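entry-v8.cif follows (mmCIF, C-alpha atoms):
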```cif
data_coords
#
loop_
_atom_site.label_atom_id
_atom_site.label_comp_id
_atom_site.auth_asym_id
_atom_site.auth_seq_id
_atom_site.Cartn_x
_atom_site.Cartn_y
_atom_site.Cartn_z
CA MET U 1268 26.93 21.89 12.55
CA ASN U 1269 25.97 23.80 15.71
CA ASN U 1270 27.67 26.88 14.28
CA PHE U 1271 25.26 26.77 11.36
CA LYS U 1272 22.28 26.37 13.67
CA ASP U 1273 23.43 29.25 15.86
CA LYS U 1274 23.66 31.39 12.74
CA ILE U 1275 20.12 30.37 11.77
CA VAL U 1276 18.83 31.59 15.13
CA GLU U 1277 20.67 34.87 14.71
CA LEU U 1278 19.44 35.42 11.14
CA THR U 1279 15.83 34.48 11.90
CA ASP U 1280 15.65 36.95 14.76
CA GLU U 1281 17.34 39.63 12.64
CA TYR U 1282 14.86 39.30 9.77
CA GLN U 1283 11.77 38.58 11.88
CA PRO U 1284 10.30 42.08 11.29
CA LEU U 1285 10.47 41.44 7.54
CA PHE U 1286 8.71 38.09 7.85
CA GLU U 1287 5.96 39.66 9.95
CA LYS U 1288 5.61 42.40 7.33
CA ILE U 1289 5.11 39.76 4.60
CA SER U 1290 2.40 38.06 6.64
CA ARG U 1291 0.64 41.33 7.36
CA TYR U 1292 0.69 42.52 3.74
CA ILE U 1293 -0.78 39.30 2.36
CA PHE U 1294 -3.32 39.17 5.19
CA GLU U 1295 -4.47 42.70 4.39
CA ASN U 1296 -4.66 42.00 0.65
CA PRO U 1297 -6.57 38.71 0.43
CA GLU U 1298 -6.93 37.29 -3.10
CA LEU U 1299 -8.68 34.16 -4.33
CA GLY U 1300 -6.92 31.24 -6.00
CA GLY U 1301 -5.42 32.09 -9.39
CA GLU U 1302 -5.90 35.81 -8.70
CA GLU U 1303 -3.09 36.35 -6.16
CA VAL U 1304 -1.45 39.13 -8.18
CA LEU U 1305 -0.46 41.40 -5.30
CA SER U 1306 0.77 38.54 -3.10
CA ALA U 1307 2.90 37.01 -5.86
CA GLU U 1308 4.38 40.39 -6.73
CA TYR U 1309 5.15 41.21 -3.11
CA ILE U 1310 6.92 37.90 -2.45
CA SER U 1311 8.83 38.20 -5.72
CA ASN U 1312 10.10 41.67 -4.82
CA VAL U 1313 11.23 40.52 -1.37
CA LEU U 1314 13.12 37.59 -2.89
CA LYS U 1315 14.81 39.82 -5.47
CA GLU U 1316 15.97 42.13 -2.68
CA HIS U 1317 17.75 39.10 -1.20
CA ASN U 1318 19.43 38.14 -4.47
CA PHE U 1319 17.12 35.35 -5.56
CA LYS U 1320 16.57 34.84 -9.25
CA VAL U 1321 12.80 35.05 -9.64
CA GLU U 1322 10.55 33.65 -12.34
CA THR U 1323 6.96 34.91 -12.32
CA PRO U 1324 4.65 34.26 -13.96
CA TYR U 1325 5.74 30.65 -14.23
CA GLU U 1326 4.76 29.15 -17.58
CA SER U 1327 0.95 29.35 -17.91
CA LEU U 1328 0.34 30.23 -14.23
CA PRO U 1329 0.29 34.03 -13.84
CA THR U 1330 0.52 34.05 -10.02
CA ALA U 1331 3.03 31.23 -9.55
CA VAL U 1332 6.49 32.20 -8.30
CA ILE U 1333 9.82 30.39 -8.40
CA GLY U 1334 12.63 32.09 -6.54
CA SER U 1335 16.00 30.36 -6.75
CA TYR U 1336 19.28 30.96 -4.96
CA ILE U 1337 21.75 28.85 -6.91
CA ASN U 1338 25.31 28.43 -5.68
CA ASP U 1339 26.27 25.50 -7.90
CA PRO U 1340 24.04 23.45 -10.25
CA ALA U 1341 25.67 20.30 -8.83
CA TYR U 1342 24.45 21.02 -5.29
CA GLU U 1343 21.24 19.53 -3.88
CA ASN U 1344 18.09 21.65 -4.07
CA TYR U 1345 15.93 22.44 -1.02
CA ALA U 1346 12.51 23.99 -1.67
CA PHE U 1347 10.00 25.72 0.59
CA LEU U 1348 6.44 25.88 -0.68
CA ALA U 1349 4.38 29.03 -0.14
CA GLU U 1350 0.62 29.34 -0.47
CA TYR U 1351 -1.13 32.70 -0.51
CA ASP U 1352 -4.71 32.25 -1.74
CA ALA U 1353 -7.54 33.42 0.50
CA LEU U 1354 -11.08 32.16 1.09
CA PRO U 1355 -14.32 33.86 0.05
CA GLY U 1356 -16.99 34.88 2.51
CA TYR U 1357 -14.98 35.49 5.69
CA GLY U 1358 -14.58 39.25 5.47
CA GLU U 1359 -16.29 41.82 7.68
CA ASN U 1360 -19.41 41.89 5.49
CA ASN U 1361 -19.44 38.08 5.18
CA ASN U 1362 -18.94 38.22 1.43
CA GLU U 1363 -15.36 39.39 1.21
CA ASN U 1364 -12.12 37.48 0.81
CA ALA U 1365 -10.09 36.75 3.93
CA HIS U 1366 -7.24 34.53 5.14
CA ALA U 1367 -9.25 32.22 7.40
CA CYS U 1368 -6.86 29.38 6.52
CA GLY U 1369 -3.68 31.26 7.43
CA HIS U 1370 -2.05 31.13 4.02
CA ASN U 1371 -0.56 34.55 4.72
CA TRP U 1372 1.33 32.83 7.56
CA ILE U 1373 2.45 29.99 5.29
CA ALA U 1374 3.76 32.43 2.69
CA ALA U 1375 5.69 34.45 5.25
CA SER U 1376 7.08 31.41 7.08
CA MET U 1377 8.26 29.63 3.95
CA THR U 1378 9.71 32.78 2.42
CA GLY U 1379 11.47 33.31 5.73
CA CYS U 1380 13.01 29.83 5.58
CA ALA U 1381 14.30 30.44 2.06
CA ILE U 1382 15.83 33.82 2.93
CA VAL U 1383 17.52 32.61 6.14
CA LEU U 1384 19.00 29.56 4.44
CA SER U 1385 20.20 31.56 1.45
CA LYS U 1386 22.53 33.49 3.77
CA ILE U 1387 24.47 30.33 4.69
CA SER U 1388 23.73 28.20 1.61
CA LYS U 1389 27.17 28.64 0.06
CA GLU U 1390 28.84 27.23 3.18
CA LEU U 1391 26.24 24.41 3.34
CA LYS U 1392 26.83 23.67 -0.36
CA ILE U 1393 23.15 23.71 -1.24
CA ASN U 1394 20.74 25.60 -3.48
CA VAL U 1395 17.59 27.12 -2.00
CA HIS U 1396 14.19 27.70 -3.62
CA LEU U 1397 10.94 29.39 -2.68
CA ILE U 1398 8.13 27.96 -4.81
CA GLY U 1399 4.95 30.01 -4.67
CA THR U 1400 2.02 27.72 -5.42
CA PRO U 1401 -1.34 29.38 -6.18
CA ALA U 1402 -4.88 28.16 -5.66
CA GLU U 1403 -4.46 25.42 -3.06
CA GLU U 1404 -8.06 25.99 -2.01
CA THR U 1405 -9.42 25.46 -5.53
CA PHE U 1406 -7.69 23.78 -8.48
CA GLY U 1407 -4.38 23.03 -6.75
CA ALA U 1408 -1.64 24.63 -8.84
CA LYS U 1409 1.07 22.40 -7.39
CA CYS U 1410 -0.28 19.70 -9.72
CA ASN U 1411 0.13 21.98 -12.72
CA MET U 1412 3.59 23.08 -11.60
CA ILE U 1413 4.68 19.46 -11.28
CA GLU U 1414 3.54 18.78 -14.85
CA LEU U 1415 5.34 21.92 -16.04
CA GLY U 1416 8.62 20.79 -14.45
CA ALA U 1417 8.88 23.11 -11.45
CA PHE U 1418 9.87 20.24 -9.15
CA ASP U 1419 12.08 18.28 -11.55
CA ASN U 1420 15.34 19.19 -9.78
CA ILE U 1421 14.06 19.48 -6.21
CA ASP U 1422 15.65 17.00 -3.78
CA PHE U 1423 13.72 17.91 -0.59
CA ALA U 1424 10.56 19.98 -0.06
CA PHE U 1425 9.06 21.57 3.06
CA GLN U 1426 5.80 23.24 4.04
CA ALA U 1427 4.08 24.13 7.30
CA HIS U 1428 0.38 24.92 7.66
CA MET U 1429 -1.26 26.63 10.60
CA ASP U 1430 -3.75 24.29 12.27
CA ALA U 1431 -5.28 23.30 15.60
CA LYS U 1432 -2.72 20.61 16.51
CA ASN U 1433 0.94 19.79 15.86
CA ASN U 1434 1.06 16.94 13.37
CA MET U 1435 3.61 15.73 10.82
CA TYR U 1436 1.73 12.58 9.88
CA VAL U 1437 -1.03 14.54 8.19
CA TYR U 1438 -3.71 12.20 6.87
CA ASN U 1439 -4.59 13.56 3.44
CA LEU U 1440 -6.83 11.46 1.22
CA ALA U 1441 -6.14 10.93 -2.46
CA MET U 1442 -8.92 12.59 -4.45
CA ASN U 1443 -10.35 12.57 -7.95
CA ALA U 1444 -13.26 14.58 -9.35
CA ILE U 1445 -15.23 13.59 -12.45
CA GLU U 1446 -18.05 15.25 -14.36
CA PHE U 1447 -20.42 12.83 -16.12
CA THR U 1448 -22.51 14.07 -19.05
CA PHE U 1449 -25.40 11.94 -20.29
CA ARG U 1450 -27.15 12.72 -23.59
CA GLY U 1451 -30.53 11.35 -24.61
CA VAL U 1452 -33.39 12.33 -26.92
CA PRO U 1453 -35.95 15.04 -26.06
CA SER U 1454 -39.65 14.42 -26.42
CA HIS U 1455 -42.93 15.69 -24.98
CA ALA U 1456 -43.33 13.89 -21.66
CA SER U 1457 -47.09 13.40 -22.10
CA ARG U 1458 -47.77 13.21 -25.85
CA ALA U 1459 -44.83 11.03 -26.93
CA PRO U 1460 -42.83 9.74 -23.95
CA GLU U 1461 -41.91 6.58 -25.87
CA LYS U 1462 -39.90 8.67 -28.34
CA GLY U 1463 -37.65 10.14 -25.68
CA VAL U 1464 -34.42 8.93 -24.09
CA ASN U 1465 -34.23 10.35 -20.59
CA ALA U 1466 -30.77 11.60 -19.63
CA LEU U 1467 -31.95 12.46 -16.12
CA ASP U 1468 -32.90 8.80 -15.60
CA ALA U 1469 -29.26 7.94 -16.25
CA VAL U 1470 -28.11 10.42 -13.61
CA ILE U 1471 -30.66 9.12 -11.10
CA SER U 1472 -29.60 5.54 -11.85
CA MET U 1473 -26.01 6.55 -11.23
CA PHE U 1474 -26.81 8.10 -7.85
CA VAL U 1475 -28.78 5.02 -6.79
CA ASN U 1476 -25.95 2.68 -7.69
CA VAL U 1477 -23.29 4.85 -6.10
CA GLY U 1478 -25.41 4.66 -2.95
CA LEU U 1479 -25.47 0.88 -3.22
CA LEU U 1480 -21.70 0.82 -3.78
CA ARG U 1481 -21.19 2.57 -0.43
CA GLN U 1482 -22.36 -0.60 1.34
CA GLN U 1483 -19.30 -2.46 0.05
CA MET U 1484 -16.79 0.41 0.16
CA PRO U 1485 -13.88 0.42 2.61
CA SER U 1486 -14.84 2.58 5.58
CA LYS U 1487 -12.22 5.23 4.83
CA ASP U 1488 -13.31 5.76 1.20
CA ARG U 1489 -15.59 8.69 0.39
CA ILE U 1490 -17.89 9.57 -2.52
CA HIS U 1491 -19.96 12.75 -2.76
CA GLY U 1492 -21.84 14.12 -5.75
CA ILE U 1493 -24.23 16.75 -7.08
CA ILE U 1494 -26.49 17.15 -10.11
CA THR U 1495 -25.51 20.26 -12.05
CA ASN U 1496 -28.01 19.86 -14.90
CA GLY U 1497 -31.23 17.86 -14.64
CA GLY U 1498 -33.27 19.25 -17.51
CA THR U 1499 -35.04 22.50 -18.27
CA VAL U 1500 -38.84 22.06 -18.07
CA HIS U 1501 -40.88 19.30 -16.48
CA ASN U 1502 -42.96 18.42 -19.54
CA VAL U 1503 -39.99 17.70 -21.82
CA ILE U 1504 -37.93 14.57 -21.36
CA PRO U 1505 -34.40 15.79 -20.56
CA ASP U 1506 -31.95 15.09 -23.36
CA LEU U 1507 -29.02 16.41 -21.29
CA ALA U 1508 -28.15 15.73 -17.66
CA VAL U 1509 -24.88 16.32 -15.87
CA CYS U 1510 -23.55 15.29 -12.48
CA ARG U 1511 -20.24 15.62 -10.64
CA PHE U 1512 -18.71 13.16 -8.22
CA CYS U 1513 -15.70 13.51 -5.95
CA MET U 1514 -13.99 10.31 -4.80
CA ARG U 1515 -11.46 10.02 -1.98
CA SER U 1516 -9.40 7.14 -0.66
CA PRO U 1517 -6.43 6.76 1.72
CA GLU U 1518 -4.01 5.70 -1.02
CA LYS U 1519 -3.39 6.68 -4.61
CA SER U 1520 -3.68 3.00 -5.62
CA SER U 1521 -6.98 2.41 -3.78
CA LEU U 1522 -8.42 5.59 -5.30
CA GLU U 1523 -7.76 4.14 -8.74
CA VAL U 1524 -9.93 1.12 -7.84
CA LEU U 1525 -12.75 3.34 -6.53
CA LYS U 1526 -12.56 5.66 -9.53
CA ASN U 1527 -12.92 2.76 -11.99
CA LYS U 1528 -15.95 1.43 -10.10
CA VAL U 1529 -17.69 4.80 -10.33
CA ILE U 1530 -16.90 5.08 -14.05
CA ASN U 1531 -18.35 1.61 -14.59
CA ILE U 1532 -21.52 2.67 -12.75
CA ALA U 1533 -21.82 5.61 -15.16
CA LYS U 1534 -21.35 3.33 -18.16
CA ALA U 1535 -24.04 0.98 -16.82
CA ALA U 1536 -26.41 3.92 -16.30
CA ALA U 1537 -25.89 5.02 -19.90
CA LEU U 1538 -26.39 1.49 -21.23
CA SER U 1539 -29.55 0.85 -19.21
CA THR U 1540 -31.23 4.09 -20.34
CA GLY U 1541 -29.97 4.23 -23.90
CA CYS U 1542 -28.00 7.43 -23.34
CA SER U 1543 -24.55 8.32 -24.54
CA LEU U 1544 -21.91 9.15 -21.94
CA GLU U 1545 -18.98 11.52 -21.78
CA TYR U 1546 -16.88 12.10 -18.68
CA ASP U 1547 -14.20 14.58 -17.84
CA PHE U 1548 -11.77 15.09 -14.95
CA PHE U 1549 -12.73 18.67 -14.18
CA GLU U 1550 -10.24 19.22 -11.32
CA ASN U 1551 -6.66 18.19 -10.70
CA PRO U 1552 -6.38 14.80 -9.00
CA PHE U 1553 -4.81 15.06 -5.53
CA ASP U 1554 -2.56 12.31 -4.18
CA ASN U 1555 -2.38 11.13 -0.57
CA MET U 1556 0.54 12.36 1.53
CA LEU U 1557 3.59 10.13 1.67
CA HIS U 1558 5.22 10.15 5.11
CA ILE U 1559 9.00 9.75 5.15
CA ASP U 1560 9.70 8.63 8.72
CA SER U 1561 13.42 9.43 8.70
CA MET U 1562 12.75 12.97 7.48
CA ILE U 1563 9.90 13.49 9.95
CA SER U 1564 12.07 12.30 12.84
CA VAL U 1565 14.88 14.79 12.28
CA THR U 1566 12.39 17.62 11.67
CA GLU U 1567 10.51 16.89 14.87
CA GLU U 1568 13.78 16.90 16.84
CA ASN U 1569 14.56 20.37 15.54
CA PHE U 1570 11.06 21.67 16.19
CA ASN U 1571 11.29 20.35 19.75
CA ARG U 1572 14.55 22.22 20.20
CA PHE U 1573 12.79 25.50 19.50
CA GLY U 1574 9.72 24.82 21.61
CA VAL U 1575 7.30 23.24 19.11
CA VAL U 1576 6.38 20.06 20.97
CA ASP U 1577 3.56 17.57 21.58
CA PHE U 1578 3.18 16.28 18.06
CA ALA U 1579 0.40 13.83 17.22
CA GLU U 1580 1.39 10.18 17.10
CA LYS U 1581 1.78 8.37 13.80
CA GLY U 1582 -1.63 7.05 12.82
CA PHE U 1583 -3.55 10.09 14.08
CA VAL U 1584 -6.37 10.71 11.60
CA GLY U 1585 -7.99 13.94 12.70
CA SER U 1586 -10.29 15.43 10.06
CA PRO U 1587 -9.09 14.06 6.74
CA GLY U 1588 -9.15 16.28 3.68
CA SER U 1589 -7.20 16.46 0.43
CA SER U 1590 -4.46 18.78 -0.81
CA ASP U 1591 -2.12 19.19 -3.75
CA ILE U 1592 0.87 18.89 -1.37
CA GLY U 1593 0.29 15.13 -1.63
CA ASN U 1594 1.26 15.26 -5.31
CA VAL U 1595 4.57 16.89 -4.39
CA SER U 1596 5.25 14.09 -1.89
CA TYR U 1597 5.28 11.61 -4.81
CA VAL U 1598 7.91 13.70 -6.65
CA CYS U 1599 10.47 14.25 -3.88
CA PRO U 1600 10.79 13.67 -0.11
CA THR U 1601 8.39 16.16 1.43
CA ILE U 1602 7.57 17.37 4.92
CA TYR U 1603 4.08 18.76 5.44
CA ALA U 1604 3.63 19.86 9.03
CA GLU U 1605 0.40 21.08 10.56
CA ILE U 1606 1.37 23.49 13.32
CA GLY U 1607 -0.84 24.56 16.18
CA ILE U 1608 -0.32 28.00 17.66
CA ASP U 1609 -0.47 28.74 21.37
CA THR U 1610 -3.92 30.32 21.51
CA PRO U 1611 -6.12 30.33 24.63
CA GLU U 1612 -8.61 28.08 22.82
CA SER U 1613 -8.47 25.50 20.06
CA PHE U 1614 -10.06 26.43 16.76
CA PRO U 1615 -10.71 24.86 13.37
CA ILE U 1616 -9.09 26.17 10.21
CA HIS U 1617 -11.59 27.87 7.85
CA SER U 1618 -13.30 29.66 10.71
CA ASN U 1619 -13.66 33.20 11.97
CA LYS U 1620 -11.53 32.25 14.97
CA ALA U 1621 -8.71 31.17 12.62
CA LEU U 1622 -9.04 34.54 10.90
CA GLU U 1623 -8.62 36.24 14.26
CA TYR U 1624 -5.25 34.56 14.88
CA ALA U 1625 -3.85 34.23 11.34
CA ASP U 1626 -1.90 37.48 11.59
CA SER U 1627 -1.38 37.79 15.33
CA GLN U 1628 1.67 38.08 17.56
CA ILE U 1629 1.04 34.50 18.65
CA ALA U 1630 1.27 33.41 15.01
CA TYR U 1631 4.45 35.47 14.53
CA ASP U 1632 6.10 33.79 17.51
CA ARG U 1633 5.30 30.35 16.10
CA MET U 1634 6.57 31.43 12.69
CA ASN U 1635 9.92 32.27 14.25
CA GLN U 1636 10.16 28.78 15.75
CA ILE U 1637 9.14 27.06 12.52
CA ILE U 1638 11.74 28.91 10.46
CA LYS U 1639 14.46 27.96 12.93
CA GLY U 1640 13.27 24.34 13.02
CA PHE U 1641 13.00 23.82 9.27
CA CYS U 1642 16.30 25.54 8.53
CA SER U 1643 18.06 23.47 11.19
CA THR U 1644 16.62 20.35 9.58
CA VAL U 1645 18.15 21.37 6.26
CA VAL U 1646 21.49 21.71 8.04
CA ASP U 1647 21.18 18.18 9.43
CA ILE U 1648 20.24 16.66 6.08
CA SER U 1649 22.72 18.57 3.95
CA GLN U 1650 25.65 17.90 6.29
CA ASN U 1651 24.92 14.21 6.86
CA ARG U 1652 25.20 12.18 3.65
CA GLU U 1653 24.05 9.02 5.39
CA LEU U 1654 20.84 10.70 6.56
CA ALA U 1655 20.15 12.27 3.16
CA ASP U 1656 20.60 8.92 1.42
CA LYS U 1657 18.37 7.19 3.97
CA ILE U 1658 15.59 9.71 3.34
CA LYS U 1659 15.89 9.31 -0.42
CA GLU U 1660 15.88 5.53 -0.21
CA GLU U 1661 12.77 5.53 1.98
CA PHE U 1662 11.08 7.91 -0.44
CA LYS U 1663 12.01 5.74 -3.41
CA GLU U 1664 10.50 2.69 -1.74
CA LYS U 1665 7.24 4.36 -0.71
CA SER U 1666 6.62 6.35 -3.90
CA SER U 1667 7.04 3.28 -6.11
CA LYS U 1668 4.16 1.38 -4.51
#
```
Take the structure in this file and express it as structure tokens.
Amino acid sequence: MNNFKDKIVELTDEYQPLFEKISRYIFENPELGGEEVLSAEYISNVLKEHNFKVETPYESLPTAVIGSYINDPAYENYAFLAEYDALPGYGENNNENAHACGHNWIAASMTGCAIVLSKISKELKINVHLIGTPAEETFGAKCNMIELGAFDNIDFAFQAHMDAKNNMYVYNLAMNAIEFTFRGVPSHASRAPEKGVNALDAVISMFVNVGLLRQQMPSKDRIHGIITNGGTVHNVIPDLAVCRFCMRSPEKSSLEVLKNKVINIAKAAALSTGCSLEYDFFENPFDNMLHIDSMISVTEENFNRFGVVDFAEKGFVGSPGSSDIGNVSYVCPTIYAEIGIDTPESFPIHSNKALEYADSQIAYDRMNQIIKGFCSTVVDISQNRELADKIKEEFKEKSSK
């Protein structure tokens, strides 16, 4: 097993200039979610040069990439998940796209893992995949790719994300987003108010009752909403009003409870005002992140070996958000590691300071360690049937709840 890990070190150092080149190219060509044409093409070409079979576009997603290095269909499948969408408004003129979340680093690191492992995958008796997942910052294409079957044969999945602190127990909230449309009857607000049915009243009623619901909500649940249509002119009773609410909860199951309460509030608002109601899930629902302790433990050991240390304790909350990586964690055992880089000062992701370091030598050095750590973890899992089965059993138990 140590021979494999020694080879990983050798290969990672050999190909490090390539991995840095990938990071730099994507950093210098920032594209928004669903529009990552150059990034997807660049990664695809690199994978083809290393004998991966590449499928892009994938189904209905023009910037999704699936690169596969198949030695035997009977072997287990290890996938590394790349993101490469940028954020708007962080460029030099404050209105340009830029990688202030470090997705260029994710793409390069995960592509690096796939390439390094492919070189020894035949001896390990595994298949290796790089799955390029667009639009994490917006609609979350991992959800769509799951539905389309991209993860059907994946046994283990890995992703690392640049952040302020080392953490493998990332606290991602399950999230759902619903648009509520209320329809009433228009009428002149002064001459014939009794003939109108006010759709805006339904929206206002909904906001009031969501506010009252917050008093009885678990402290870790979240609801936030906006009104996107409240009428057109002040002297006509609005016959159309639209609002959007986002709901978050620590668990997929508890989110279902919260979601149904909000829908019932909308139904009550429609009933009390005489409006009709339609509602639509306008974004992909994101699941919370399942943590597989046995998989985290072996990964942390390997990260420690290469100098990535001081991980947050289990139970660390930090600043909870939501991500489509949670959906993957319900499909197969998944590691999602937030990785701090050794900068002189701490910084939040989605900031100009993050942009400053996203494609730096410090980030490259950490990338090298992450590739070695993740690839060594694959060696441990693939060469230890007892460990692999333990991880799968733990996943089965947690994902079924």
Residues matched by the PyMOL selection byres ((chain U and resi 1429-1445) around 7) as a PDB file with C-alpha atoms, in the frame of the given file:
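Generated file (part.pdb):
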```pdb
ATOM      1  CA  GLY U1369      -3.680  31.260   7.430  1.00  0.00           C
ATOM      2  CA  ALA U1427       4.080  24.130   7.300  1.00  0.00           C
ATOM      3  CA  HIS U1428       0.380  24.920   7.660  1.00  0.00           C
ATOM      4  CA  GLU U1446     -18.050  15.250 -14.360  1.00  0.00           C
ATOM      5  CA  PHE U1447     -20.420  12.830 -16.120  1.00  0.00           C
ATOM      6  CA  ARG U1511     -20.240  15.620 -10.640  1.00  0.00           C
ATOM      7  CA  PHE U1512     -18.710  13.160  -8.220  1.00  0.00           C
ATOM      8  CA  CYS U1513     -15.700  13.510  -5.950  1.00  0.00           C
ATOM      9  CA  MET U1514     -13.990  10.310  -4.800  1.00  0.00           C
ATOM     10  CA  ARG U1515     -11.460  10.020  -1.980  1.00  0.00           C
ATOM     11  CA  SER U1516      -9.400   7.140  -0.660  1.00  0.00           C
ATOM     12  CA  PRO U1517      -6.430   6.760   1.720  1.00  0.00           C
ATOM     13  CA  GLU U1518      -4.010   5.700  -1.020  1.00  0.00           C
ATOM     14  CA  LYS U1519      -3.390   6.680  -4.610  1.00  0.00           C
ATOM     15  CA  LEU U1522      -8.420   5.590  -5.300  1.00  0.00           C
ATOM     16  CA  TYR U1546     -16.880  12.100 -18.680  1.00  0.00           C
ATOM     17  CA  ASP U1547     -14.200  14.580 -17.840  1.00  0.00           C
ATOM     18  CA  PHE U1548     -11.770  15.090 -14.950  1.00  0.00           C
ATOM     19  CA  PHE U1549     -12.730  18.670 -14.180  1.00  0.00           C
ATOM     20  CA  GLU U1550     -10.240  19.220 -11.320  1.00  0.00           C
ATOM     21  CA  PRO U1552      -6.380  14.800  -9.000  1.00  0.00           C
ATOM     22  CA  PHE U1553      -4.810  15.060  -5.530  1.00  0.00           C
ATOM     23  CA  ASP U1554      -2.560  12.310  -4.180  1.00  0.00           C
ATOM     24  CA  ASN U1555      -2.380  11.130  -0.570  1.00  0.00           C
ATOM     25  CA  MET U1556       0.540  12.360   1.530  1.00  0.00           C
ATOM     26  CA  HIS U1558       5.220  10.150   5.110  1.00  0.00           C
ATOM     27  CA  ILE U1563       9.900  13.490   9.950  1.00  0.00           C
ATOM     28  CA  ASP U1577       3.560  17.570  21.580  1.00  0.00           C
ATOM     29  CA  PHE U1578       3.180  16.280  18.060  1.00  0.00           C
ATOM     30  CA  ALA U1579       0.400  13.830  17.220  1.00  0.00           C
ATOM     31  CA  LYS U1581       1.780   8.370  13.800  1.00  0.00           C
ATOM     32  CA  VAL U1584      -6.370  10.710  11.600  1.00  0.00           C
ATOM     33  CA  PRO U1587      -9.090  14.060   6.740  1.00  0.00           C
ATOM     34  CA  GLY U1588      -9.150  16.280   3.680  1.00  0.00           C
ATOM     35  CA  SER U1589      -7.200  16.460   0.430  1.00  0.00           C
ATOM     36  CA  SER U1590      -4.460  18.780  -0.810  1.00  0.00           C
ATOM     37  CA  TYR U1603       4.080  18.760   5.440  1.00  0.00           C
ATOM     38  CA  ALA U1604       3.630  19.860   9.030  1.00  0.00           C
ATOM     39  CA  GLU U1605       0.400  21.080  10.560  1.00  0.00           C
ATOM     40  CA  ILE U1606       1.370  23.490  13.320  1.00  0.00           C
ATOM     41  CA  GLY U1607      -0.840  24.560  16.180  1.00  0.00           C
ATOM     42  CA  SER U1613      -8.470  25.500  20.060  1.00  0.00           C
ATOM     43  CA  PHE U1614     -10.060  26.430  16.760  1.00  0.00           C
ATOM     44  CA  PRO U1615     -10.710  24.860  13.370  1.00  0.00           C
ATOM     45  CA  ILE U1616      -9.090  26.170  10.210  1.00  0.00           C
TER      46      ILE U1616
END
```
Contacts of U:Ile1638 within 8 Å, all atoms listed in the file, excl. fewer than 6 positions in-chain, as a list in words: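 Here the qualifying residues turn out to be Thr1279, Ser1376, Met1377, Gly1379 and Cys1380 of chain U.
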Interatomic distance, atom CA of U:Gly1301 to atom CA of U:Asp1352 (Å, one decimal): 7.7 Å
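Ranking U:Val1477, U:Phe1662, U:Leu1354, U:Glu1390 by their shortest atom-to-atom distance to U:Val1595, with only C-alpha atoms included, puts U:Phe1662 first.
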Residues in the PyMOL selection byres ((chain U and resi 1296-1298) around 8), expressed as a PyMOL selection string: chain U and resi 1292-1295+1299-1300+1302-1306+1351-1354+1364-1366
The PyMOL selection byres ((chain U and resi 1648) around 12) resolved against shown file, as a PyMOL selection string: chain U and resi 1268+1343-1345+1391-1393+1422-1424+1561-1566+1569+1600+1641-1647+1649-1659
Shell of 8 Å around U:Ala1349, all atoms listed in the file, local chain residues under 4 positions omitted, as a VMD selection string: chain U and resid 1370 1373 to 1375 1377 to 1378 1397 to 1400 1426
Between atom CA of U:Gly1334 and atom CA of U:Glu1316 - distance in Å to one decimal: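 Calculated distance between atom CA of U:Glu1316 and atom CA of U:Gly1334 is 11.3 Å.
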Surrounding residues of stretch 1528-1539 of chain U excluding itself and chain neighbours under 2 positions, 12 Å, all atoms listed in the file, as an NGL selection string: :U and (1443-1451 or 1464-1481 or 1483-1484 or 1489-1492 or 1507-1515 or 1521-1526 or 1541-1548)
Write out as JSON an axis-aligned box for stretch 1312-1321 of chain U: all of its atoms listed in the file, 6 Å added on each side, centre and edge lengths in Å with one decimal.
```
{"center_x": 14.8, "center_y": 38.5, "center_z": -5.4, "size_x": 21.3, "size_y": 19.3, "size_z": 20.4}
```
d(atom CA of U:His1617, atom CA of U:Gly1407) in Å: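 That distance, rounded to one decimal, is 17.0 Å.
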Distance query 8 Å from (6.3, 30.7, -9.3) using all atoms listed in the file, result as a list in words: Ala1307, Val1321, Glu1322, Thr1323, Pro1324, Tyr1325, Leu1328, Thr1330, Ala1331, Val1332, Ile1333, Gly1334, Ile1398, Gly1399 and Thr1400 of chain U
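The nearest approach to U:Ser1520 among the residues U:Ser1666, U:Ser1335, U:Asn1371, U:Asn1571, with only C-alpha atoms taken into account, belongs to U:Ser1666.
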Top pick for closest residue to U:Ile1413, considering U:Ile1608, U:Ile1494, U:Leu1557, U:Cys1599 and counting only C-alpha atoms: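 For U:Ile1413, the nearest of the given residues is U:Cys1599.
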Contact residues around stretch 1458-1463 of chain U with only C-alpha atoms at 9 Å, ignoring same-chain residues under 2 positions, as number ranges by chain: U: 1451-1456, 1465, 1503-1506
Spatial neighbours of U:Pro1611, 12 Å, only C-alpha atoms, chain gap at least 6 places, as a PyMOL selection string: chain U and resi 1431+1620+1624+1629
